[in-house]
Each structure stands twice: as C-alpha cells, then as structure tokens.
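Here's target22.pdb, which has PDB, C-alpha atoms and all ligand atoms:
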```pdb
ATOM      1  CA  MET A   1     -12.397 -68.931 -97.216
ATOM      2  CA  ALA A   2     -14.899 -66.500 -98.723
ATOM      3  CA  PHE A   3     -14.057 -67.019-102.402
ATOM      4  CA  SER A   4     -16.955 -68.769-104.120
ATOM      5  CA  ALA A   5     -16.635 -67.981-107.844
ATOM      6  CA  ARG A   6     -16.584 -70.630-110.567
ATOM      7  CA  HIS A   7     -14.180 -68.769-112.838
ATOM      8  CA  LEU A   8     -11.557 -66.069-112.447
ATOM      9  CA  LEU A   9     -12.369 -63.763-115.357
ATOM     10  CA  GLY A  10     -11.631 -60.327-113.937
ATOM     11  CA  ILE A  11     -11.132 -58.269-110.806
ATOM     12  CA  GLU A  12     -14.268 -56.241-111.549
ATOM     13  CA  GLN A  13     -16.521 -59.118-110.429
ATOM     14  CA  LEU A  14     -14.592 -59.924-107.235
ATOM     15  CA  SER A  15     -15.575 -58.742-103.773
ATOM     16  CA  VAL A  16     -13.113 -57.479-101.185
ATOM     17  CA  PRO A  17     -13.364 -60.763 -99.182
ATOM     18  CA  ASP A  18     -12.753 -62.712-102.436
ATOM     19  CA  ILE A  19      -9.554 -60.739-102.991
ATOM     20  CA  GLN A  20      -8.461 -61.144 -99.388
ATOM     21  CA  SER A  21      -9.072 -64.904 -99.500
ATOM     22  CA  ILE A  22      -6.860 -65.313-102.550
ATOM     23  CA  LEU A  23      -4.097 -63.129-101.078
ATOM     24  CA  ASP A  24      -4.197 -64.878 -97.682
ATOM     25  CA  LEU A  25      -3.889 -68.321 -99.234
ATOM     26  CA  ALA A  26      -1.197 -67.016-101.613
ATOM     27  CA  ASP A  27       0.832 -65.860 -98.604
ATOM     28  CA  GLN A  28       0.895 -69.467 -97.417
ATOM     29  CA  TYR A  29       1.984 -70.627-100.861
ATOM     30  CA  VAL A  30       4.882 -68.145-100.808
ATOM     31  CA  ASP A  31       6.307 -70.019 -97.794
ATOM     32  CA  PHE A  32       5.559 -73.366 -99.439
ATOM     33  CA  ASN A  33       7.408 -72.292-102.608
ATOM     34  CA  ARG A  34      10.517 -71.403-100.620
ATOM     35  CA  LYS A  35      10.870 -74.960 -99.316
ATOM     36  CA  SER A  36      13.192 -77.366-101.051
ATOM     37  CA  HIS A  37      10.381 -79.888-101.575
ATOM     38  CA  LYS A  38       7.526 -78.139-103.360
ATOM     39  CA  HIS A  39       4.855 -80.659-104.057
ATOM     40  CA  SER A  40       1.266 -80.757-102.940
ATOM     41  CA  ASP A  41      -1.607 -82.990-104.019
ATOM     42  CA  ALA A  42      -4.245 -80.238-103.872
ATOM     43  CA  LEU A  43      -4.950 -80.628-107.608
ATOM     44  CA  ALA A  44      -3.901 -84.293-107.979
ATOM     45  CA  GLY A  45      -5.841 -86.079-110.697
ATOM     46  CA  LEU A  46      -7.047 -82.798-112.211
ATOM     47  CA  THR A  47      -6.179 -81.607-115.712
ATOM     48  CA  GLN A  48      -5.088 -78.033-116.425
ATOM     49  CA  ILE A  49      -4.838 -76.837-120.020
ATOM     50  CA  ASN A  50      -2.990 -73.602-120.807
ATOM     51  CA  MET A  51      -4.234 -71.967-124.024
ATOM     52  CA  PHE A  52      -2.178 -68.903-124.899
ATOM     53  CA  PHE A  53      -3.347 -67.265-128.121
ATOM     54  CA  GLU A  54      -0.796 -64.515-127.526
ATOM     55  CA  ASN A  55       2.894 -64.817-126.733
ATOM     56  CA  SER A  56       3.781 -65.029-123.089
ATOM     57  CA  THR A  57       6.866 -66.019-121.170
ATOM     58  CA  ARG A  58       6.368 -65.371-117.498
ATOM     59  CA  THR A  59       2.605 -65.759-117.221
ATOM     60  CA  GLN A  60       2.518 -69.093-119.000
ATOM     61  CA  ALA A  61       5.548 -70.432-117.108
ATOM     62  CA  SER A  62       4.051 -69.205-113.854
ATOM     63  CA  PHE A  63       0.711 -70.971-114.442
ATOM     64  CA  GLU A  64       2.538 -74.126-115.496
ATOM     65  CA  ILE A  65       4.740 -74.189-112.398
ATOM     66  CA  ALA A  66       1.757 -73.348-110.187
ATOM     67  CA  GLY A  67      -0.280 -76.259-111.553
ATOM     68  CA  LYS A  68       2.609 -78.711-111.322
ATOM     69  CA  ARG A  69       3.404 -77.772-107.725
ATOM     70  CA  LEU A  70      -0.217 -78.515-106.857
ATOM     71  CA  GLY A  71      -0.011 -81.914-108.524
ATOM     72  CA  ALA A  72      -2.229 -81.206-111.581
ATOM     73  CA  ASP A  73      -1.589 -82.730-114.993
ATOM     74  CA  VAL A  74      -0.626 -79.624-116.979
ATOM     75  CA  MET A  75      -0.753 -79.331-120.730
ATOM     76  CA  ASN A  76       0.385 -76.342-122.799
ATOM     77  CA  MET A  77      -1.333 -75.876-126.150
ATOM     78  CA  ALA A  78       0.718 -73.963-128.721
ATOM     79  CA  MET A  79      -1.885 -71.483-129.951
ATOM     80  CA  ALA A  80       0.139 -68.383-130.888
ATOM     81  CA  ALA A  81       1.275 -69.744-134.218
ATOM     82  CA  SER A  82      -2.201 -70.769-135.351
ATOM     83  CA  SER A  83      -4.811 -68.500-136.910
ATOM     84  CA  LEU A  84      -7.351 -68.975-134.143
ATOM     85  CA  SER A  85      -8.433 -65.391-133.771
ATOM     86  CA  LYS A  86     -12.044 -65.555-134.936
ATOM     87  CA  GLY A  87     -14.817 -66.025-132.417
ATOM     88  CA  GLU A  88     -16.252 -69.081-134.075
ATOM     89  CA  THR A  89     -12.961 -70.908-134.228
ATOM     90  CA  LEU A  90     -12.249 -70.061-130.620
ATOM     91  CA  ILE A  91     -15.535 -71.617-129.591
ATOM     92  CA  ASP A  92     -14.880 -74.707-131.696
ATOM     93  CA  THR A  93     -11.520 -75.128-130.009
ATOM     94  CA  ALA A  94     -13.131 -74.659-126.622
ATOM     95  CA  LEU A  95     -15.772 -77.266-127.331
ATOM     96  CA  THR A  96     -13.157 -79.736-128.512
ATOM     97  CA  LEU A  97     -11.109 -79.252-125.369
ATOM     98  CA  ASN A  98     -14.220 -79.353-123.220
ATOM     99  CA  ALA A  99     -14.965 -82.824-124.555
ATOM    100  CA  MET A 100     -11.637 -83.969-123.113
ATOM    101  CA  ASN A 101     -12.930 -83.111-119.613
ATOM    102  CA  PRO A 102     -10.288 -80.700-118.341
ATOM    103  CA  ASP A 103     -10.808 -79.172-114.893
ATOM    104  CA  LEU A 104      -9.035 -75.849-115.452
ATOM    105  CA  LEU A 105      -8.547 -73.821-118.600
ATOM    106  CA  VAL A 106      -6.050 -70.968-118.426
ATOM    107  CA  VAL A 107      -6.626 -68.668-121.387
ATOM    108  CA  ARG A 108      -4.851 -65.641-122.844
ATOM    109  CA  HIS A 109      -6.375 -64.044-125.927
ATOM    110  CA  PRO A 110      -5.733 -60.824-127.894
ATOM    111  CA  HIS A 111      -9.442 -59.891-127.965
ATOM    112  CA  SER A 112     -11.144 -58.261-124.976
ATOM    113  CA  GLY A 113     -14.063 -60.436-123.865
ATOM    114  CA  ALA A 114     -12.896 -63.612-125.610
ATOM    115  CA  VAL A 115     -12.144 -65.397-122.344
ATOM    116  CA  ASP A 116     -15.587 -64.579-120.894
ATOM    117  CA  LEU A 117     -17.188 -65.948-124.042
ATOM    118  CA  LEU A 118     -15.200 -69.143-123.788
ATOM    119  CA  ALA A 119     -16.134 -69.563-120.119
ATOM    120  CA  GLN A 120     -19.805 -69.652-121.128
ATOM    121  CA  LYS A 121     -19.189 -72.614-123.420
ATOM    122  CA  VAL A 122     -17.220 -74.993-121.233
ATOM    123  CA  LYS A 123     -17.989 -76.987-118.097
ATOM    124  CA  CYS A 124     -14.694 -76.423-116.289
ATOM    125  CA  ALA A 125     -13.192 -73.464-114.425
ATOM    126  CA  VAL A 126     -11.674 -70.774-116.651
ATOM    127  CA  LEU A 127      -8.888 -68.422-115.574
ATOM    128  CA  ASN A 128      -8.248 -65.289-117.584
ATOM    129  CA  ALA A 129      -4.513 -64.913-118.204
ATOM    130  CA  GLY A 130      -5.080 -61.616-120.053
ATOM    131  CA  ASP A 131      -7.707 -60.706-122.675
ATOM    132  CA  GLY A 132      -6.891 -57.827-125.016
ATOM    133  CA  ARG A 133      -6.983 -54.512-123.176
ATOM    134  CA  HIS A 134      -9.651 -55.764-120.802
ATOM    135  CA  GLU A 135      -8.362 -57.594-117.702
ATOM    136  CA  HIS A 136      -5.415 -59.567-116.345
ATOM    137  CA  PRO A 137      -6.707 -60.554-112.915
ATOM    138  CA  THR A 138      -3.817 -62.692-111.697
ATOM    139  CA  GLN A 139      -1.389 -59.864-112.507
ATOM    140  CA  ALA A 140      -3.368 -57.420-110.348
ATOM    141  CA  LEU A 141      -3.566 -60.010-107.567
ATOM    142  CA  LEU A 142       0.184 -60.643-107.648
ATOM    143  CA  ASP A 143       0.782 -56.896-107.680
ATOM    144  CA  ALA A 144      -1.516 -56.547-104.667
ATOM    145  CA  LEU A 145       0.286 -59.320-102.795
ATOM    146  CA  THR A 146       3.635 -57.679-103.553
ATOM    147  CA  ILE A 147       2.378 -54.299-102.315
ATOM    148  CA  ARG A 148       0.738 -55.795 -99.218
ATOM    149  CA  ARG A 149       3.944 -57.597 -98.230
ATOM    150  CA  ALA A 150       6.109 -54.502 -98.843
ATOM    151  CA  LYS A 151       3.793 -51.896 -97.271
ATOM    152  CA  GLY A 152       1.861 -54.019 -94.778
ATOM    153  CA  ARG A 153      -1.510 -52.936 -96.183
ATOM    154  CA  LEU A 154      -3.480 -52.190 -99.344
ATOM    155  CA  HIS A 155      -5.635 -49.297 -98.141
ATOM    156  CA  ARG A 156      -4.784 -45.607 -98.003
ATOM    157  CA  LEU A 157      -1.761 -45.910-100.268
ATOM    158  CA  ASN A 158      -0.948 -43.537-103.105
ATOM    159  CA  VAL A 159      -0.227 -45.592-106.181
ATOM    160  CA  ALA A 160       0.979 -44.100-109.466
ATOM    161  CA  ILE A 161       0.342 -46.247-112.540
ATOM    162  CA  CYS A 162       2.504 -44.790-115.281
ATOM    163  CA  GLY A 163       2.853 -44.921-119.037
ATOM    164  CA  ASP A 164       0.771 -46.731-121.620
ATOM    165  CA  ILE A 165      -2.514 -46.962-119.726
ATOM    166  CA  ALA A 166      -4.712 -47.034-122.832
ATOM    167  CA  HIS A 167      -3.481 -50.415-124.044
ATOM    168  CA  SER A 168      -2.981 -52.001-120.648
ATOM    169  CA  ARG A 169      -5.144 -54.734-119.162
ATOM    170  CA  VAL A 170      -2.725 -54.694-116.212
ATOM    171  CA  ALA A 171      -3.692 -51.072-115.503
ATOM    172  CA  ARG A 172      -7.427 -51.815-115.737
ATOM    173  CA  SER A 173      -7.261 -54.791-113.357
ATOM    174  CA  ASN A 174      -5.104 -52.822-110.931
ATOM    175  CA  ILE A 175      -7.482 -49.847-111.036
ATOM    176  CA  PHE A 176     -10.365 -52.139-110.071
ATOM    177  CA  LEU A 177      -8.406 -53.897-107.335
ATOM    178  CA  LEU A 178      -6.747 -50.895-105.719
ATOM    179  CA  GLY A 179     -10.013 -48.965-105.932
ATOM    180  CA  LYS A 180     -11.874 -51.754-104.095
ATOM    181  CA  MET A 181      -9.134 -51.695-101.450
ATOM    182  CA  GLU A 182      -9.502 -47.938-101.003
ATOM    183  CA  SER A 183      -6.125 -46.844-102.212
ATOM    184  CA  ARG A 184      -5.741 -43.638-104.208
ATOM    185  CA  ILE A 185      -4.776 -44.178-107.795
ATOM    186  CA  ARG A 186      -2.988 -41.722-110.040
ATOM    187  CA  LEU A 187      -2.664 -42.410-113.734
ATOM    188  CA  VAL A 188       0.408 -40.708-115.130
ATOM    189  CA  GLY A 189       1.231 -40.567-118.823
ATOM    190  CA  PRO A 190       0.787 -38.745-122.101
ATOM    191  CA  LYS A 191      -2.787 -37.782-123.014
ATOM    192  CA  THR A 192      -2.502 -39.915-126.157
ATOM    193  CA  LEU A 193      -2.022 -43.010-123.978
ATOM    194  CA  MET A 194      -4.955 -42.393-121.621
ATOM    195  CA  PRO A 195      -8.090 -44.418-122.341
ATOM    196  CA  SER A 196     -11.298 -42.598-123.174
ATOM    197  CA  GLY A 197     -13.801 -42.356-120.326
ATOM    198  CA  ILE A 198     -11.005 -42.280-117.773
ATOM    199  CA  ASP A 199     -12.974 -39.818-115.610
ATOM    200  CA  GLN A 200     -15.387 -42.594-114.628
ATOM    201  CA  PHE A 201     -12.648 -44.717-113.040
ATOM    202  CA  GLY A 202     -12.377 -42.625-109.869
ATOM    203  CA  VAL A 203      -8.696 -41.866-110.438
ATOM    204  CA  GLU A 204      -6.543 -38.743-110.680
ATOM    205  CA  VAL A 205      -4.939 -38.146-114.068
ATOM    206  CA  TYR A 206      -1.569 -36.431-114.567
ATOM    207  CA  ASP A 207       0.358 -35.697-117.740
ATOM    208  CA  ASP A 208       3.489 -34.705-115.865
ATOM    209  CA  MET A 209       5.695 -37.260-114.076
ATOM    210  CA  ALA A 210       7.026 -34.716-111.571
ATOM    211  CA  LYS A 211       3.526 -33.939-110.293
ATOM    212  CA  GLY A 212       2.193 -37.469-110.651
ATOM    213  CA  LEU A 213       4.972 -39.129-108.653
ATOM    214  CA  LYS A 214       5.052 -36.599-105.836
ATOM    215  CA  ASP A 215       4.879 -38.433-102.494
ATOM    216  CA  VAL A 216       3.501 -41.718-103.836
ATOM    217  CA  ASP A 217       4.068 -45.049-102.025
ATOM    218  CA  VAL A 218       4.106 -47.180-105.157
ATOM    219  CA  VAL A 219       5.362 -46.453-108.678
ATOM    220  CA  MET A 220       3.997 -48.962-111.158
ATOM    221  CA  MET A 221       5.537 -48.638-114.610
ATOM    222  CA  LEU A 222       3.875 -50.141-117.677
ATOM    223  CA  ARG A 223       5.362 -51.414-120.890
ATOM    224  CA  LEU A 224       4.872 -49.316-123.993
ATOM    225  CA  GLN A 225       2.633 -51.804-125.847
ATOM    226  CA  LYS A 226       3.729 -51.209-129.394
ATOM    227  CA  GLU A 227       1.990 -54.332-130.683
ATOM    228  CA  ARG A 228      -1.388 -52.844-129.720
ATOM    229  CA  MET A 229      -0.759 -49.457-131.349
ATOM    230  CA  ASP A 230      -2.171 -48.807-134.789
ATOM    231  CA  GLY A 231      -0.756 -45.325-135.213
ATOM    232  CA  ALA A 232       1.754 -42.886-133.770
ATOM    233  CA  PHE A 233       1.009 -42.381-130.083
ATOM    234  CA  ILE A 234       4.417 -41.030-129.096
ATOM    235  CA  PRO A 235       6.906 -38.783-130.912
ATOM    236  CA  SER A 236       9.859 -41.185-130.453
ATOM    237  CA  GLU A 237      11.124 -43.669-127.864
ATOM    238  CA  ARG A 238      13.919 -41.259-126.969
ATOM    239  CA  GLU A 239      11.458 -38.471-126.305
ATOM    240  CA  TYR A 240       9.184 -40.878-124.424
ATOM    241  CA  TYR A 241      12.026 -41.930-122.132
ATOM    242  CA  HIS A 242      12.939 -38.331-121.512
ATOM    243  CA  ARG A 243       9.420 -37.355-120.445
ATOM    244  CA  TRP A 244       7.888 -40.559-119.127
ATOM    245  CA  GLY A 245      10.704 -43.002-118.446
ATOM    246  CA  LEU A 246      11.411 -43.697-114.767
ATOM    247  CA  ASN A 247      14.917 -42.639-113.756
ATOM    248  CA  ALA A 248      16.535 -41.785-110.396
ATOM    249  CA  GLU A 249      15.669 -38.120-110.705
ATOM    250  CA  LYS A 250      11.948 -38.737-111.189
ATOM    251  CA  LEU A 251      11.851 -41.493-108.562
ATOM    252  CA  ALA A 252      13.354 -39.066-106.023
ATOM    253  CA  LEU A 253      10.011 -37.205-106.061
ATOM    254  CA  ALA A 254       8.144 -40.226-104.690
ATOM    255  CA  LYS A 255       8.273 -41.144-100.999
ATOM    256  CA  GLU A 256      11.700 -42.164 -99.812
ATOM    257  CA  ASP A 257      10.548 -45.757 -99.301
ATOM    258  CA  ALA A 258       8.413 -45.966-102.456
ATOM    259  CA  ILE A 259       8.634 -49.268-104.299
ATOM    260  CA  VAL A 260       9.057 -49.652-108.059
ATOM    261  CA  MET A 261       7.009 -52.229-109.952
ATOM    262  CA  HIS A 262       6.749 -53.442-113.554
ATOM    263  CA  PRO A 263       4.703 -56.409-114.832
ATOM    264  CA  GLY A 264       7.329 -57.299-117.428
ATOM    265  CA  PRO A 265       8.489 -57.698-120.065
ATOM    266  CA  MET A 266      10.437 -54.448-119.653
ATOM    267  CA  ASN A 267      11.691 -52.102-122.329
ATOM    268  CA  ARG A 268      14.812 -50.846-120.570
ATOM    269  CA  GLY A 269      15.642 -47.324-121.596
ATOM    270  CA  VAL A 270      12.081 -46.721-122.858
ATOM    271  CA  GLU A 271       9.749 -46.757-119.839
ATOM    272  CA  ILE A 272      12.351 -47.534-117.177
ATOM    273  CA  ASP A 273      16.047 -47.030-116.554
ATOM    274  CA  GLY A 274      17.740 -50.431-116.263
ATOM    275  CA  GLU A 275      19.596 -49.417-113.108
ATOM    276  CA  ILE A 276      16.376 -48.576-111.281
ATOM    277  CA  ALA A 277      14.822 -51.858-112.394
ATOM    278  CA  ASP A 278      17.805 -53.755-110.951
ATOM    279  CA  ASP A 279      18.126 -51.770-107.730
ATOM    280  CA  ILE A 280      16.943 -54.215-105.080
ATOM    281  CA  ARG A 281      16.517 -51.404-102.540
ATOM    282  CA  ARG A 282      13.685 -49.935-104.624
ATOM    283  CA  SER A 283      12.583 -52.410-107.251
ATOM    284  CA  VAL A 284      10.253 -55.308-106.346
ATOM    285  CA  ILE A 285      10.076 -56.583-109.916
ATOM    286  CA  GLN A 286      11.573 -59.986-109.039
ATOM    287  CA  GLU A 287       9.241 -60.299-106.033
ATOM    288  CA  GLN A 288       6.320 -59.725-108.399
ATOM    289  CA  VAL A 289       7.389 -62.781-110.386
ATOM    290  CA  GLU A 290       7.706 -64.854-107.203
ATOM    291  CA  MET A 291       4.276 -63.697-105.967
ATOM    292  CA  GLY A 292       2.827 -64.623-109.365
ATOM    293  CA  VAL A 293       3.352 -68.341-108.820
ATOM    294  CA  ALA A 294       1.847 -68.194-105.310
ATOM    295  CA  VAL A 295      -1.203 -66.177-106.398
ATOM    296  CA  ARG A 296      -1.911 -68.550-109.287
ATOM    297  CA  MET A 297      -1.618 -71.550-106.973
ATOM    298  CA  ALA A 298      -4.062 -69.909-104.561
ATOM    299  CA  ALA A 299      -6.538 -68.991-107.308
ATOM    300  CA  MET A 300      -6.521 -72.462-108.860
ATOM    301  CA  ASP A 301      -6.742 -74.165-105.465
ATOM    302  CA  LEU A 302      -9.754 -72.037-104.443
ATOM    303  CA  LEU A 303     -11.533 -72.522-107.775
ATOM    304  CA  MET A 304     -11.141 -76.283-107.490
ATOM    305  CA  ARG A 305     -12.552 -76.253-103.954
ATOM    306  CA  ASN A 306     -15.658 -74.555-105.376
ATOM    307  CA  ARG A 307     -16.290 -76.792-108.337
ATOM    308  CA  GLU A 308     -19.253 -79.085-108.625
ATOM    309  CA  VAL A 309     -17.835 -82.570-108.791
ATOM    310  CA  PRO A 310     -19.292 -84.215-111.910
ATOM    311  CA  SER A 311     -21.001 -87.549-111.384
ATOM    312  CA  GLY A 312     -18.641 -90.369-112.089
ATOM    313  CA  ARG A 313     -15.548 -88.694-110.692
ATOM    314  CA  GLY A 314     -13.720 -91.024-108.408
ATOM    315  CA  VAL A 315     -15.195 -94.120-110.059
ATOM    316  CA  MET A 316     -12.484 -96.616-110.867
ATOM    317  CA  VAL A 317     -12.466 -97.709-114.506
TER     318      VAL A 317
HETATM  319  C1  LIG B 401       1.534 -58.027-119.184
HETATM  320  C2  LIG B 401       0.499 -58.500-120.161
HETATM  321  O1  LIG B 401       0.696 -59.477-120.879
HETATM  322  O2  LIG B 401      -0.534 -57.866-120.196
HETATM  323  N1  LIG B 401       2.609 -58.905-119.001
HETATM  324  C3  LIG B 401       2.515 -59.998-118.235
HETATM  325  O3  LIG B 401       1.490 -60.615-118.085
HETATM  326  N2  LIG B 401       3.626 -60.375-117.607
HETATM  327  C4  LIG B 401       1.999 -56.679-119.485
HETATM  328  C5  LIG B 401       2.674 -56.454-120.793
HETATM  329  O4  LIG B 401       2.651 -57.285-121.688
HETATM  330  O5  LIG B 401       3.220 -55.363-120.934
END
```
Final structure tokens representation of the file:
Amino acid sequence: MAFSARHLLGIEQLSVPDIQSILDLADQYVDFNRKSHKHSDALAGLTQINMFFENSTRTQASFEIAGKRLGADVMNMAMAASSLSKGETLIDTALTLNAMNPDLLVVRHPHSGAVDLLAQKVKCAVLNAGDGRHEHPTQALLDALTIRRAKGRLHRLNVAICGDIAHSRVARSNIFLLGKMESRIRLVGPKTLMPSGIDQFGVEVYDDMAKGLKDVDVVMMLRLQKERMDGAFIPSEREYYHRWGLNAEKLALAKEDAIVMHPGPMNRGVEIDGEIADDIRRSVIQEQVEMGVAVRMAAMDLLMRNREVPSGRGVMV
C-alpha cells in the first residue's frame, strides 16, 4: 500500500498512488460490508472521536458505522448546538480532546482551513469530513469509487459537475481528484454560482446545461447550498429548476449509459427531478452512500497503519 500520510485533510495533497491505495482497499471493504457478519479488529483498542461543528446525517453516520465495523471505540461529540466557531475555542477543544489520547479525530467545520489548523495541534490522525467551501476528501473518494465501479476506470471520462459550484467543497475535492486521474471536467451552472479564479482549475466552464451535458459519462449534481449564500444568487428556485435542474430531457443529452450522482442531501425539484434520482437504471446515488462507508473504513485503516505508536501503548495497566 502506497498511502503514507498522517492525516486525510484534502485531495489536493494526495498522490495518484495514494488515491489508488485507498480505492483498492475500499473495494475489499465493499465485499466485507455485504457479508452478514461485519466485524473486524483492524482498529480494536483505538478511539475515534467524531466532531461535527456543522449538521450532518450521512457523513457522520457513515464515519460512525465505518469505525464500529473496524472495532474502534467511537464517540460522537454534539458540536452543532454549541457556539464553537471561533478559532481559539476550536483549538481549546482540540487540546482538551487531545489530552484524552484519541487515535482518530473526524472533523467537520463551517470554516475553510479549520480542520488543517486543528491537525497541527493534536497528536492523533485527523480526517477532514468537510471544511467550509474548501475540501471534503472522503466524498470525492467515494464518488471516485462509485465511478470506477460503474465505468471500469477513472481516466479519460467526461464528467459534468453541475449547479452550485461556488459554495461546494464536494466540487473542489472532485476537481482535484478527477484532474489527477486525467478525466475531463466540465463545470456547468449559472455564472453567479461559479467560483472566482475558476480558469486556473483546468476545467471547461458552461452556463448552458444542454451544451455542458452533451456526451458526458457522468452527471454529478450538487445541492443548492442556501445556508452558505449571503445574497441572491438565483432568481427563484422555480427558475433554477427550469434552467439548471436535471430532468429526463436534459439527461438525454448525455451518453446513453451516463450515470447520475448527487452527494446528498438532495433538494428534489430544485437541482434534480425526484424521478431521475430514484431511477436505478441511471442514478447511483444509493451506491454512493454504500461506497462512503467502505472508503471511510479504508482511509481510517490506512491512517492507523501509518501512525507512530506512542511509547506505552500495549502496556498493561
Ligand atoms: C455534502 C457536504 O456536506 O458538503 N454533503 C455530504 O457530505 N453528504 C454536500 C452538501 O451538503 O450539499
């Protein structure tokens, strides 16, 4: 296994062999997770703390299940309700937790860069479960695993990432990953929802769904992230659906065997037609959730293989 990092903070820092190592091990965990008995001791005796400073359903559940299936002691801290949004307080919390000797910290935070900062202050491995608009590495890895299993490869694919790109850490992590894997990325959405400096990402930009979806292999829809908008970015949800929402007519422009993805949670009738989302011939949205558990198991397993074992571990007390 090539993966040798201490933390998983973003896709930007990963090499192609790093990515392949995680995906290859995750493939094995997919089979493991389909068995009736799903328990391994890979992380037995290790403590995983999930700190979610932002609401999350699937990502937090996925990390919790992943840790438990690997035999870790998993603890969820309820952070969303507290007022821990200032840098100093975040660090204080990190130092307090650090003193309890956890082995893995899984962190989601509304501020870009907050998870990197925290990783510098603690002794254990840190996994970024999404920081502001910056990165969401396990989402990009689970998307990559889903694409690789559906298409048999990750290179030379045409992938359209559609909708609210500006506010999306999922888009950023996917742009890094698919770019490293030599797929062609199209960003499709209204100009108001494109991030500044987009020209430096090595992507093609479209403000028309009909052109952007033409002959693509993968259609990745993004949620309209209203909670990150501080002004009017779209005329109305109705108008947005009309122009940018994925329906059968727009999907017909993509390749006949194109797959439809969405990281969830979905706004049905805003960025995607509910019938398309539920159509198991096209939509791999449920597979994405399944791959999420396997990818997180693989990432945590590999990080724990790399850790420096502190002196005293294994001593009976
Ligand atoms: C994404 C996130 O939190 O960035 N969701 C997720 O992790 N399942 C995307 C989103 O919230 O739209």
As JSON, what would the box around region 98-105 of chain A look like: edges along x, y and z, 5 Å added on every side, centre and edge lengths in Å to one decimal?
```
{"center_x": -11.8, "center_y": -78.9, "center_z": -119.7, "size_x": 16.4, "size_y": 20.1, "size_z": 19.7}
```
Let me see if you get this right: every residue at most 10 Å from ligand LIG 401 (chain B), counting all atoms listed in the file, written as a compact mmCIF listing (two decimals) with C-alpha atoms, keeping the file's coordinate frame.
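File pocket.txt, as written:
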```
# COMPACT_ATOMS: atom_id res chain seq x y z
CA GLU A 54 -0.80 -64.52 -127.53
CA ASN A 55 2.89 -64.82 -126.73
CA SER A 56 3.78 -65.03 -123.09
CA THR A 57 6.87 -66.02 -121.17
CA ARG A 58 6.37 -65.37 -117.50
CA THR A 59 2.60 -65.76 -117.22
CA GLN A 60 2.52 -69.09 -119.00
CA SER A 62 4.05 -69.20 -113.85
CA ARG A 108 -4.85 -65.64 -122.84
CA HIS A 109 -6.38 -64.04 -125.93
CA PRO A 110 -5.73 -60.82 -127.89
CA ALA A 129 -4.51 -64.91 -118.20
CA GLY A 130 -5.08 -61.62 -120.05
CA ASP A 131 -7.71 -60.71 -122.68
CA GLY A 132 -6.89 -57.83 -125.02
CA ARG A 133 -6.98 -54.51 -123.18
CA HIS A 134 -9.65 -55.76 -120.80
CA GLU A 135 -8.36 -57.59 -117.70
CA HIS A 136 -5.42 -59.57 -116.34
CA PRO A 137 -6.71 -60.55 -112.92
CA THR A 138 -3.82 -62.69 -111.70
CA GLN A 139 -1.39 -59.86 -112.51
CA ALA A 140 -3.37 -57.42 -110.35
CA ASP A 164 0.77 -46.73 -121.62
CA HIS A 167 -3.48 -50.42 -124.04
CA SER A 168 -2.98 -52.00 -120.65
CA ARG A 169 -5.14 -54.73 -119.16
CA VAL A 170 -2.72 -54.69 -116.21
CA ALA A 171 -3.69 -51.07 -115.50
CA MET A 221 5.54 -48.64 -114.61
CA LEU A 222 3.88 -50.14 -117.68
CA ARG A 223 5.36 -51.41 -120.89
CA LEU A 224 4.87 -49.32 -123.99
CA GLN A 225 2.63 -51.80 -125.85
CA LYS A 226 3.73 -51.21 -129.39
CA GLU A 227 1.99 -54.33 -130.68
CA HIS A 262 6.75 -53.44 -113.55
CA PRO A 263 4.70 -56.41 -114.83
CA GLY A 264 7.33 -57.30 -117.43
CA PRO A 265 8.49 -57.70 -120.06
CA MET A 266 10.44 -54.45 -119.65
CA ASN A 267 11.69 -52.10 -122.33
CA GLN A 288 6.32 -59.72 -108.40
CA VAL A 289 7.39 -62.78 -110.39
CA GLY A 292 2.83 -64.62 -109.36
```
Handout entry: Given the PyMOL selection byres (((chain A and resi 8) around 9) and not hetatm), the residues it picks as a ChimeraX atom specification
Key = /A:5-7,9-11,13-14,125-128,137-138,299-300,303
Problem - Output of the PyMOL selection byres (((chain A and resi 188-195) around 9) and not hetatm), listed as a list of chain:residue names - result: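 Selection result, ordered by chain and number: A:Ala160, A:Ile161, A:Cys162, A:Gly163, A:Asp164, A:Ile165, A:Ala166, A:His167, A:Arg186, A:Leu187, A:Ser196, A:Gly197, A:Ile198, A:Glu204, A:Val205, A:Tyr206, A:Asp207, A:Asp208, A:Met209, A:Lys211, A:Gly212, A:Leu213, A:Phe233, A:Ile234, A:Tyr240, A:Arg243, A:Trp244.
Around Arg184 (chain A), within 7 Å and counting all atoms listed in the file, the residues found are Arg156, Leu157, Asn158 and Val159 of chain A, once anything fewer than 5 positions away on its own chain is removed.
Between CA of Asp92 (chain A) and CA of Asn76 (chain A) the separation is 17.7 Å.
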Handout entry: Ground truth for the PyMOL selection byres (((chain A and resi 48) around 6) and not hetatm), written as a PyMOL selection string
Key = chain A and resi 47+49+74+104-105
Handout entry: All residues 8 Å or closer to Gly45 (chain A), only C-alpha atoms, same chain fewer than 6 positions away omitted, as JSON, numbers by chain
Key = {"A": [71, 72, 73]}
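Minimum atom-to-atom distance to Glu275 (chain A), evaluated using all atoms listed in the file, belongs to A:Leu251 out of A:Ile185, A:Phe53, A:Val219, A:Leu251.
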Exercise for the section: Would you list the residues near (14.1, -44.6, -111.6), meaning any protein, DNA or RNA residue with an atom at most 10 Å from that point in file coordinates, counting all atoms listed in the file, as a list in words? Expected result: Val219, Met221, Gly245, Leu246, Asn247, Ala248, Glu249, Lys250, Leu251, Ala252, Val260, Glu271, Ile272, Asp273, Gly274, Glu275, Ile276, Ala277, Asp278, Asp279, Arg282 and Ser283 of chain A
Handout entry: Coordinates-based distance that separates CA of Tyr29 (chain A) from CA of Ala298 (chain A) (Å, one decimal)
Key =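 Between CA of Ala298 (chain A) and CA of Tyr29 (chain A) the gap works out to 7.1 Å.
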Practice task
Pick out the closest residue to Asp301 (chain A) from this set: A:Thr96, A:Ser40, A:Gln20, A:Asn174. Count only C-alpha atoms.
Solution key: A:Ser40
Exercise for the section: Between CA of Asp217 (chain A) and CA of Ile147 (chain A), measure the distance and give it in Å to one decimal. Expected result: 9.4 Å
Problem - Shortest interatomic distance to Val107 (chain A) - which of A:Glu290, A:Ala119, A:Glu237, A:Ala232, counting only C-alpha atoms - result: A:Ala119
